[in-house]
Amino acid sequence: MSTSSSDTPDHTFQPPEATASRSPCPALNAAASHGYLYGAVGAHAAHFIREPRSGRDITFMQLLNAVRTVYNLSFPFAFLLASGGFFLCGRNGRPTIPFFGTIDLHDLARHGRIEHDGSLAHADAEPHAEFAPTTPDQTLLKDMLDEAKGAYLTMEDLVRVRSKRDALLANEGRSLEGKHAEISRGEISLLLAIIGDGQKVSSEWLKQWMGEERLPDGWTRPQVTRGLIASRGLTKRITEALKQMNASREAEQVHNHGDESIKQD
């Protein structure tokens, strides 16, 4: 991502240190590793030493401003996302009131709050685990990137990946319901909008953003501000496409099961 000489601090990518806090969200992890997400790494009396890459002790406004600065989200959209992180995850698993507390990025990894099973690029949480993995699963990432028929992944390609993840959960007697189903579709909408052009996304950019958790080479901040209405519109299209794809997959499974029964007879 290009920066001006007035940018403070330096926004070059730096891998997270061992003491850094990270989440299952590549957007926030990349923002932190590029120095956009200030946090506190130490304190002496009332004086906090602020560090833009630690991912720790992040205030509500720091989180909100980071996603607006890096990804050009509208204020209402950024406010909604930041509020969800503070209220649903919070410090020590309890809601944190915006403007009156801080969170670490790792707080967002609390399983079943915002994070969910069947992720595009993260392994599921272990049974009864409080936190889900925050390191990208390179096998899942490769499976997703392999869906591309060229240099780009289209919305249809990503919906197909989502459908396959849903099928794997169904095979284990699990499914994404309610808010987690909506979040899983919204994630596709968001990555298409902020890393792609709304219709497709570069496979290489996605590999760098999700796999290496950095802002992709050659990528620039979206010129058009991304708002709630546009995001919901794209999420609705993704939801409808997913329903159709899942219905086709289920019909094919029923057909194949019928063929197997005839062969056995």
# chains A, B, ... in the order shown; residues from 1 in each chain; ligands from 1

$ residues_around --residues "range 76-82 of chain A" --least-positions-apart "4" --cutoff "12 Å" --atoms "only C-alpha atoms" --output "JSON, numbers by chain"
{"A": [25, 27, 28, 58, 59, 60, 61, 62, 63, 64, 65, 66, 67, 68, 69, 70, 71, 72, 86, 87, 88, 89, 90, 96, 97, 98, 99, 102, 103, 105, 108, 114, 183, 186, 187, 190, 225, 226, 227, 228, 229, 230, 231, 232]}

$ closest_atom_pairs --of "range 89-190 of chain A" --to "range 201-208 of chain A" --cutoff "12 Å" --atoms "only C-alpha atoms" --output "Markdown table"
| residue | atom | partner | partner_atom | distance |
| --- | --- | --- | --- | --- |
| A:Leu120 | CA | A:Leu206 | CA | 11.4 |
| A:Ala121 | CA | A:Lys207 | CA | 10.1 |
| A:Pro136 | CA | A:Lys207 | CA | 10.4 |
| A:Asp137 | CA | A:Lys207 | CA | 11.5 |
| A:Gln138 | CA | A:Lys207 | CA | 9.5 |
| A:Thr139 | CA | A:Lys207 | CA | 11.8 |
| A:Leu140 | CA | A:Lys207 | CA | 11.3 |
| A:Leu141 | CA | A:Lys207 | CA | 7.5 |
| A:Lys142 | CA | A:Lys207 | CA | 8.5 |
| A:Asp143 | CA | A:Lys207 | CA | 11.3 |
| A:Met144 | CA | A:Ser203 | CA | 9.3 |
| A:Leu145 | CA | A:Ser203 | CA | 6.2 |
| A:Asp146 | CA | A:Ser203 | CA | 9.0 |
| A:Glu147 | CA | A:Ser203 | CA | 9.6 |
| A:Ala148 | CA | A:Ser203 | CA | 7.2 |
| A:Lys149 | CA | A:Ser203 | CA | 9.9 |
| A:Gly150 | CA | A:Ser203 | CA | 8.4 |
| A:Ala151 | CA | A:Ser203 | CA | 5.7 |
| A:Tyr152 | CA | A:Ser202 | CA | 4.4 |
| A:Leu153 | CA | A:Val201 | CA | 5.4 |
| A:Thr154 | CA | A:Val201 | CA | 6.5 |
| A:Met155 | CA | A:Val201 | CA | 8.4 |
| A:Glu156 | CA | A:Val201 | CA | 11.3 |
| A:Asp157 | CA | A:Val201 | CA | 10.2 |
| A:Leu158 | CA | A:Val201 | CA | 9.7 |
| A:Ile188 | CA | A:Val201 | CA | 10.4 |
| A:Ser189 | CA | A:Val201 | CA | 11.0 |
| A:Leu190 | CA | A:Val201 | CA | 11.0 |

$ write_last_selection --atoms "N, CA and C atoms" --output "compact mmCIF listing (two decimals), in the first residue's frame"
# COMPACT_ATOMS: atom_id res chain seq x y z
N LEU A 120 -12.80 -19.84 5.95
CA LEU A 120 -12.16 -19.98 4.64
C LEU A 120 -10.69 -20.33 4.75
N ALA A 121 -10.02 -19.84 5.79
CA ALA A 121 -8.56 -20.02 5.86
C ALA A 121 -8.04 -20.29 7.25
N PRO A 136 -3.16 -18.61 9.98
CA PRO A 136 -3.82 -19.15 8.79
C PRO A 136 -3.45 -20.60 8.55
N ASP A 137 -4.41 -21.38 8.13
CA ASP A 137 -4.19 -22.78 7.77
C ASP A 137 -3.84 -22.81 6.28
N GLN A 138 -2.59 -23.13 5.98
CA GLN A 138 -2.12 -23.04 4.60
C GLN A 138 -2.78 -24.07 3.68
N THR A 139 -3.22 -25.20 4.24
CA THR A 139 -3.92 -26.19 3.43
C THR A 139 -5.29 -25.67 2.99
N LEU A 140 -6.03 -25.09 3.94
CA LEU A 140 -7.32 -24.51 3.60
C LEU A 140 -7.16 -23.35 2.62
N LEU A 141 -6.12 -22.54 2.83
CA LEU A 141 -5.88 -21.42 1.94
C LEU A 141 -5.59 -21.91 0.52
N LYS A 142 -4.78 -22.96 0.40
CA LYS A 142 -4.47 -23.50 -0.92
C LYS A 142 -5.72 -24.07 -1.59
N ASP A 143 -6.54 -24.75 -0.80
CA ASP A 143 -7.79 -25.29 -1.36
C ASP A 143 -8.65 -24.16 -1.94
N MET A 144 -8.69 -23.03 -1.26
CA MET A 144 -9.46 -21.89 -1.75
C MET A 144 -8.85 -21.31 -3.01
N LEU A 145 -7.54 -21.10 -2.99
CA LEU A 145 -6.88 -20.50 -4.15
C LEU A 145 -6.95 -21.41 -5.37
N ASP A 146 -7.00 -22.72 -5.14
CA ASP A 146 -7.09 -23.67 -6.26
C ASP A 146 -8.42 -23.59 -7.00
N GLU A 147 -9.41 -22.91 -6.41
CA GLU A 147 -10.70 -22.75 -7.09
C GLU A 147 -10.61 -21.74 -8.23
N ALA A 148 -9.56 -20.92 -8.24
CA ALA A 148 -9.41 -19.92 -9.29
C ALA A 148 -9.14 -20.59 -10.63
N LYS A 149 -9.76 -20.05 -11.66
CA LYS A 149 -9.55 -20.59 -13.01
C LYS A 149 -8.53 -19.76 -13.78
N GLY A 150 -7.99 -18.77 -13.13
CA GLY A 150 -6.97 -17.92 -13.73
C GLY A 150 -6.26 -17.18 -12.63
N ALA A 151 -6.05 -15.90 -12.84
CA ALA A 151 -5.34 -15.08 -11.84
C ALA A 151 -6.27 -14.53 -10.78
N TYR A 152 -7.58 -14.77 -10.95
CA TYR A 152 -8.55 -14.18 -10.03
C TYR A 152 -9.51 -15.22 -9.49
N LEU A 153 -10.02 -14.95 -8.30
CA LEU A 153 -11.14 -15.68 -7.74
C LEU A 153 -12.38 -14.80 -7.88
N THR A 154 -13.40 -15.33 -8.50
CA THR A 154 -14.64 -14.59 -8.66
C THR A 154 -15.56 -14.81 -7.46
N MET A 155 -16.66 -14.07 -7.43
CA MET A 155 -17.64 -14.29 -6.38
C MET A 155 -18.14 -15.72 -6.42
N GLU A 156 -18.38 -16.24 -7.61
CA GLU A 156 -18.84 -17.63 -7.75
C GLU A 156 -17.82 -18.61 -7.18
N ASP A 157 -16.54 -18.36 -7.44
CA ASP A 157 -15.48 -19.23 -6.91
C ASP A 157 -15.51 -19.24 -5.37
N LEU A 158 -15.63 -18.06 -4.79
CA LEU A 158 -15.63 -17.95 -3.33
C LEU A 158 -16.89 -18.55 -2.72
N ILE A 188 -17.03 -12.86 2.78
CA ILE A 188 -16.77 -12.90 1.34
C ILE A 188 -17.05 -11.55 0.72
N SER A 189 -18.17 -10.96 1.12
CA SER A 189 -18.54 -9.63 0.61
C SER A 189 -17.45 -8.61 0.91
N LEU A 190 -16.93 -8.64 2.13
CA LEU A 190 -15.94 -7.64 2.53
C LEU A 190 -14.62 -7.83 1.78

$ select_by_dssp --residues "range 41-248 of chain A" --states "strand (DSSP E)" --output "MDAnalysis selection string"
chainID A and resid 41:44 47:51 58:59 102:103 152:154 200:202

$ residues_around --residues "Asp166 in chain A" --least-positions-apart "6" --cutoff "8 Å" --atoms "only C-alpha atoms" --output "JSON, numbers by chain"
{"A": [118, 175, 176]}

$ residues_around --residues "Arg214 in chain A" --least-positions-apart "3" --cutoff "10 Å" --atoms "only C-alpha atoms" --output "PyMOL selection string"
chain A and resi 1+12-15+26-34+205-211+217

$ write_last_selection --atoms "N, CA, C and O atoms" --output "compact mmCIF listing (two decimals), in the first residue's frame"
# COMPACT_ATOMS: atom_id res chain seq x y z
N MET A 1 0.85 -1.19 0.00
CA MET A 1 0.00 0.00 0.00
C MET A 1 0.88 1.24 0.00
O MET A 1 1.80 1.36 0.79
N THR A 12 5.44 0.20 6.63
CA THR A 12 5.95 -1.00 5.99
C THR A 12 5.56 -2.22 6.83
O THR A 12 5.34 -2.13 8.03
N PHE A 13 5.48 -3.36 6.18
CA PHE A 13 5.09 -4.59 6.86
C PHE A 13 6.20 -5.08 7.77
O PHE A 13 7.37 -5.13 7.39
N GLN A 14 5.83 -5.44 8.99
CA GLN A 14 6.75 -6.08 9.93
C GLN A 14 6.03 -7.28 10.54
O GLN A 14 4.94 -7.11 11.11
N PRO A 15 6.57 -8.48 10.40
CA PRO A 15 5.91 -9.65 11.00
C PRO A 15 5.71 -9.44 12.49
O PRO A 15 6.51 -8.78 13.15
N PRO A 26 -7.91 -11.42 9.02
CA PRO A 26 -6.73 -10.94 8.28
C PRO A 26 -6.72 -9.43 8.11
O PRO A 26 -5.64 -8.83 8.04
N ALA A 27 -7.89 -8.81 8.04
CA ALA A 27 -7.94 -7.36 7.87
C ALA A 27 -7.30 -6.64 9.05
O ALA A 27 -6.50 -5.70 8.87
N LEU A 28 -7.62 -7.07 10.26
CA LEU A 28 -7.05 -6.43 11.45
C LEU A 28 -5.61 -6.83 11.67
O LEU A 28 -4.78 -6.00 12.07
N ASN A 29 -5.28 -8.08 11.41
CA ASN A 29 -3.89 -8.52 11.58
C ASN A 29 -2.96 -7.77 10.63
O ASN A 29 -1.86 -7.36 11.00
N ALA A 30 -3.40 -7.60 9.37
CA ALA A 30 -2.59 -6.86 8.40
C ALA A 30 -2.44 -5.40 8.83
O ALA A 30 -1.37 -4.82 8.73
N ALA A 31 -3.54 -4.81 9.30
CA ALA A 31 -3.48 -3.42 9.75
C ALA A 31 -2.48 -3.26 10.89
O ALA A 31 -1.71 -2.29 10.94
N ALA A 32 -2.48 -4.23 11.80
CA ALA A 32 -1.54 -4.17 12.93
C ALA A 32 -0.10 -4.32 12.45
O ALA A 32 0.79 -3.58 12.89
N SER A 33 0.14 -5.28 11.58
CA SER A 33 1.51 -5.54 11.13
C SER A 33 2.06 -4.44 10.24
O SER A 33 3.27 -4.37 10.01
N HIS A 34 1.19 -3.57 9.73
CA HIS A 34 1.64 -2.42 8.96
C HIS A 34 1.66 -1.14 9.80
O HIS A 34 1.88 -0.05 9.27
N TRP A 205 -3.07 -11.51 -4.42
CA TRP A 205 -3.37 -10.57 -3.34
C TRP A 205 -4.03 -11.29 -2.18
O TRP A 205 -3.73 -11.01 -1.01
N LEU A 206 -4.93 -12.21 -2.49
CA LEU A 206 -5.61 -12.94 -1.43
C LEU A 206 -4.63 -13.83 -0.66
O LEU A 206 -4.73 -13.96 0.57
N LYS A 207 -3.68 -14.40 -1.38
CA LYS A 207 -2.65 -15.23 -0.74
C LYS A 207 -1.84 -14.39 0.24
O LYS A 207 -1.54 -14.84 1.36
N GLN A 208 -1.47 -13.18 -0.16
CA GLN A 208 -0.67 -12.32 0.71
C GLN A 208 -1.50 -11.79 1.88
O GLN A 208 -1.02 -11.74 3.02
N TRP A 209 -2.74 -11.43 1.61
CA TRP A 209 -3.59 -10.83 2.65
C TRP A 209 -4.04 -11.85 3.67
O TRP A 209 -3.97 -11.60 4.88
N MET A 210 -4.49 -13.01 3.22
CA MET A 210 -5.00 -14.02 4.13
C MET A 210 -3.92 -14.98 4.62
O MET A 210 -3.97 -15.44 5.76
N GLY A 211 -2.96 -15.29 3.75
CA GLY A 211 -1.94 -16.25 4.11
C GLY A 211 -0.76 -15.66 4.85
O GLY A 211 -0.20 -16.27 5.76
N ASP A 217 1.12 -6.59 -2.32
CA ASP A 217 1.98 -5.79 -3.20
C ASP A 217 1.14 -5.22 -4.34
O ASP A 217 0.44 -5.96 -5.04

$ closest_residue --among "A:Val224, A:Ala181, A:Ala170, A:Ala20" --to "Ser74 in chain A" --atoms "only C-alpha atoms"
A:Val224

$ closest_residue --among "A:Ile195, A:Leu168, A:Val159, A:Ala125" --to "Glu240 in chain A" --atoms "only C-alpha atoms"
A:Val159

$ closest_residue --among "A:Asp10, A:Glu17, A:Glu177, A:Asp107" --to "Thr134 in chain A" --atoms "only C-alpha atoms"
A:Asp107

$ closest_residue --among "A:Thr239, A:Thr135, A:Gln199, A:Thr220" --to "Arg162 in chain A" --atoms "only C-alpha atoms"
A:Thr239
